[in-house]
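Dumped entry.txt below, it's compact mmCIF, C-alpha atoms:
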```
# COMPACT_ATOMS: atom_id res chain seq x y z
CA MET A 1 44.90 12.18 18.94
CA SER A 2 46.20 8.70 18.18
CA LEU A 3 48.51 8.99 21.18
CA ILE A 4 45.50 9.61 23.41
CA VAL A 5 43.54 6.73 21.89
CA ASN A 6 46.55 4.40 22.11
CA SER A 7 47.07 5.41 25.72
CA ALA A 8 43.39 4.85 26.52
CA VAL A 9 43.39 1.47 24.80
CA SER A 10 46.54 0.34 26.52
CA SER A 11 45.22 1.35 29.92
CA GLY A 12 41.77 -0.19 29.43
CA ARG A 13 40.06 3.19 29.71
CA LEU A 14 38.51 2.92 26.29
CA ARG A 15 35.97 0.41 27.60
CA CYS A 16 34.91 2.97 30.18
CA LEU A 17 34.75 5.76 27.64
CA MET A 18 32.73 3.89 24.99
CA PRO A 19 29.32 4.22 26.71
CA LEU A 20 29.92 7.93 27.17
CA LEU A 21 30.99 8.29 23.56
CA PHE A 22 27.89 6.47 22.29
CA ALA A 23 25.61 8.42 24.63
CA GLY A 24 27.13 11.65 23.36
CA LEU A 25 26.50 10.61 19.77
CA ALA A 26 22.99 9.29 20.39
CA ALA A 27 21.64 12.30 22.26
CA PRO A 28 21.73 14.65 19.25
CA LEU A 29 20.13 11.97 17.08
CA LEU A 30 17.27 11.49 19.54
CA ALA A 31 16.80 15.23 19.87
CA ALA A 32 16.78 15.57 16.09
CA ALA A 33 14.00 12.97 15.78
CA ALA A 34 11.96 14.71 18.48
CA ASN A 35 12.38 18.05 16.69
CA GLN A 36 11.44 16.55 13.34
CA ALA A 37 7.67 16.79 13.89
CA PRO A 38 7.67 20.62 13.92
CA ALA A 39 10.10 20.62 10.98
CA ARG A 40 7.83 18.39 8.91
CA VAL A 41 4.82 20.56 9.78
CA ALA A 42 6.73 23.59 8.51
CA GLY A 43 7.75 21.67 5.39
CA TYR A 44 4.20 20.64 4.61
CA ARG A 45 2.93 24.18 5.24
CA ASP A 46 5.46 25.47 2.72
CA LEU A 47 4.41 22.75 0.30
CA GLY A 48 0.74 23.64 0.77
CA ALA A 49 1.48 27.31 0.14
CA ALA A 50 3.37 26.44 -3.06
CA PHE A 51 0.56 24.19 -4.27
CA LYS A 52 -2.01 26.91 -3.48
CA ALA A 53 0.06 29.49 -5.38
CA PHE A 54 0.26 27.08 -8.32
CA ASN A 55 -3.51 26.47 -8.35
CA ASP A 56 -4.30 30.17 -7.86
CA ALA A 57 -2.06 31.01 -10.80
CA LEU A 58 -3.86 28.43 -12.94
CA ARG A 59 -7.21 30.02 -12.05
CA SER A 60 -6.11 33.50 -13.07
CA PRO A 61 -7.14 34.84 -16.48
CA SER A 62 -3.49 35.00 -17.53
CA PRO A 63 -1.29 32.63 -15.49
CA GLN A 64 2.20 33.99 -14.87
CA PRO A 65 4.87 31.48 -15.94
CA ALA A 66 7.27 32.78 -13.26
CA ILE A 67 4.77 31.99 -10.48
CA LEU A 68 4.06 28.55 -11.90
CA GLN A 69 7.77 27.75 -12.25
CA ALA A 70 8.64 29.01 -8.75
CA SER A 71 5.79 26.95 -7.29
CA VAL A 72 6.96 23.84 -9.14
CA ARG A 73 10.50 24.28 -7.78
CA LYS A 74 9.16 24.50 -4.22
CA ILE A 75 6.90 21.48 -4.71
CA ARG A 76 9.75 19.42 -6.21
CA SER A 77 12.01 20.46 -3.33
CA ALA A 78 9.42 19.37 -0.77
CA ALA A 79 8.95 16.09 -2.64
CA ALA A 80 12.67 15.39 -2.26
CA GLN A 81 12.81 16.50 1.37
CA GLN A 82 9.72 14.58 2.54
CA TYR A 83 11.67 11.33 2.71
CA GLY A 84 13.61 12.70 5.69
CA TRP A 85 10.62 14.15 7.54
CA PHE A 86 9.58 10.92 9.29
CA PRO A 87 12.62 9.46 11.05
CA SER A 88 12.38 6.84 13.74
CA GLY A 89 11.49 8.51 17.03
CA SER A 90 9.22 11.16 15.50
CA ALA A 91 6.02 9.12 15.69
CA PRO A 92 3.01 10.39 17.65
CA ARG A 93 3.37 10.22 21.42
CA PRO A 94 1.93 11.98 24.46
CA GLY A 95 2.80 15.65 24.44
CA LEU A 96 3.48 15.77 20.69
CA LYS A 97 0.67 17.14 18.56
CA THR A 98 0.90 15.71 15.08
CA ALA A 99 -1.48 14.65 12.34
CA ALA A 100 0.83 11.80 11.38
CA LYS A 101 -0.71 8.38 11.97
CA PRO A 102 1.37 5.62 13.58
CA GLU A 103 0.92 3.59 10.37
CA ILE A 104 3.69 5.71 8.84
CA TRP A 105 6.16 3.89 11.08
CA SER A 106 4.36 0.54 11.35
CA GLN A 107 3.83 0.22 7.57
CA PRO A 108 6.89 1.92 6.08
CA GLY A 109 6.59 0.14 2.73
CA ARG A 110 3.07 1.39 2.11
CA PHE A 111 4.04 4.87 3.27
CA ARG A 112 7.05 4.90 0.96
CA GLN A 113 4.78 3.98 -1.96
CA SER A 114 2.61 7.01 -1.16
CA GLN A 115 5.68 9.24 -0.93
CA ASP A 116 6.92 7.89 -4.26
CA ALA A 117 3.53 8.54 -5.88
CA PHE A 118 3.65 12.13 -4.64
CA SER A 119 7.23 12.56 -5.90
CA ALA A 120 6.28 11.21 -9.33
CA GLN A 121 3.35 13.61 -9.62
CA ALA A 122 5.48 16.51 -8.38
CA ALA A 123 8.02 15.69 -11.10
CA ALA A 124 5.25 15.62 -13.71
CA LEU A 125 4.38 19.26 -12.98
CA GLU A 126 7.62 20.55 -14.47
CA PRO A 127 7.08 19.32 -18.04
CA ALA A 128 3.40 20.28 -17.75
CA VAL A 129 4.38 23.89 -17.01
CA ALA A 130 7.05 23.81 -19.71
CA SER A 131 4.40 22.80 -22.23
CA GLY A 132 2.57 26.08 -21.71
CA ASN A 133 -0.71 24.19 -22.13
CA LEU A 134 -3.16 25.14 -19.34
CA ALA A 135 -5.18 21.94 -19.76
CA VAL A 136 -2.03 19.83 -19.32
CA MET A 137 -1.03 21.87 -16.25
CA ARG A 138 -4.48 21.51 -14.69
CA THR A 139 -4.46 17.76 -15.28
CA ALA A 140 -1.02 17.49 -13.67
CA ALA A 141 -2.21 19.60 -10.71
CA ARG A 142 -5.26 17.34 -10.22
CA SER A 143 -3.01 14.26 -10.30
CA LEU A 144 -0.73 15.81 -7.68
CA GLY A 145 -3.74 16.67 -5.54
CA ALA A 146 -4.95 13.07 -5.82
CA ALA A 147 -1.53 11.82 -4.68
CA CYS A 148 -1.70 14.16 -1.68
CA LYS A 149 -5.22 12.99 -0.84
CA GLY A 150 -4.27 9.33 -1.18
CA CYS A 151 -1.52 9.74 1.39
CA HIS A 152 -3.65 11.90 3.69
CA ASP A 153 -6.47 9.34 3.63
CA GLN A 154 -4.15 6.57 4.79
CA PHE A 155 -1.50 8.26 6.90
CA ARG A 156 -2.85 11.51 8.29
CA PHE A 157 -5.40 12.27 10.98
CA ASP A 158 -7.95 14.90 10.11
CA LEU A 159 -7.42 17.55 12.78
CA ASP A 160 -10.29 19.79 11.68
```

As structure tokens - that is how I would like this structure written.
Amino acid sequence: MSLIVNSAVSSGRLRCLMPLLFAGLAAPLLAAAANQAPARVAGYRDLGAAFKAFNDALRSPSPQPAILQASVRKIRSAAAQQYGWFPSGSAPRPGLKTAAKPEIWSQPGRFRQSQDAFSAQAAALEPAVASGNLAVMRTAARSLGAACKGCHDQFRFDLD
């Protein structure tokens, strides 16, 4: 490989190859950003299902710890993954249906604060479930719901 590179450098071909090399590297990155909107929709659907399962379990006469714990793991996983769901190039544009507001990309600091608030509340669910205290779990679930709503109010279009 170094022989090829050395040969290309010595013959001046590297300058001709560089744009092709960068184009080849950039194309997958651009495609990945364009495909991120459907991936984030799927991620948030999974998160919503986990949060629903958690709340449904809390409403049952005898909540099942295994359901609560599995839901918390999914919610915590989504909280960690959400930071990668909004890369540059995945903002709303013609032909892309998304509930994400452009403010996500124009106000990244504010958006990051909302993501951090969600992550903190998602993390608080784990010790709440470990406590075994339904009142503590319900309070933690309400706080997580409030974090979700706070972000939705600022950074999500209502598509209903």

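Computed from the coordinates, the CA of Lys149 in chain A to CA of Ser131 in chain A distance equals 25.4 Å.
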
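Among the candidates A:Val41, A:Ala140, A:Ala117, A:Ala123, the residue lying nearest to Thr98 in chain A is A:Val41 (atoms considered: all atoms listed in the file).
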
Using all atoms listed in the file for the distances, tell me which of A:Asn35, A:Ser106, A:Ser77, A:Ser62 is nearest to Leu47 in chain A. A:Ser77

Considering all atoms listed in the file, return as a PyMOL selection string whatever protein or nucleic-acid residues lie within 7 Å of Ala128 in chain A, sequence-local ones (same chain, fewer than 4 positions apart) excluded. chain A and resi 124+136-137+140

How about saving the chosen residues, C-alpha atoms kept, as a PDB file, in the coordinates of the input?
```
ATOM      1  CA  ALA A 124       5.250  15.620 -13.710  1.00  0.00           C
ATOM      2  CA  VAL A 136      -2.030  19.830 -19.320  1.00  0.00           C
ATOM      3  CA  MET A 137      -1.030  21.870 -16.250  1.00  0.00           C
ATOM      4  CA  ALA A 140      -1.020  17.490 -13.670  1.00  0.00           C
TER       5      ALA A 140
END
```

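Atom pair CA of Pro87 in chain A / CA of Arg156 in chain A has a distance of 15.8 Å (rounded to one decimal).
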
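Residue nearest Pro61 in chain A, chosen from A:Ala141, A:Ala80, A:Ala146, A:Leu134 and counting all atoms listed in the file: A:Leu134.
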
I want to know what sits within 8 Å of Gln82 in chain A, based on all atoms listed in the file, with residues of the same chain fewer than 3 positions away left out; could you give that as a ChimeraX atom specification? /A:40,43,78-79,85-86,115

As a compact mmCIF listing (two decimals) with C-alpha atoms, in the coordinates of the input, please: the residues near Ala66 in chain A (cut-off 12 Å, all atoms listed in the file, same-chain neighbours under 5 positions excluded).
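Produced file selection-v6.txt, reproduced below:
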```
# COMPACT_ATOMS: atom_id res chain seq x y z
CA ALA A 53 0.06 29.49 -5.38
CA PHE A 54 0.26 27.08 -8.32
CA ALA A 57 -2.06 31.01 -10.80
CA LEU A 58 -3.86 28.43 -12.94
CA SER A 71 5.79 26.95 -7.29
CA VAL A 72 6.96 23.84 -9.14
CA ARG A 73 10.50 24.28 -7.78
CA VAL A 129 4.38 23.89 -17.01
CA ALA A 130 7.05 23.81 -19.71
CA GLY A 132 2.57 26.08 -21.71
```
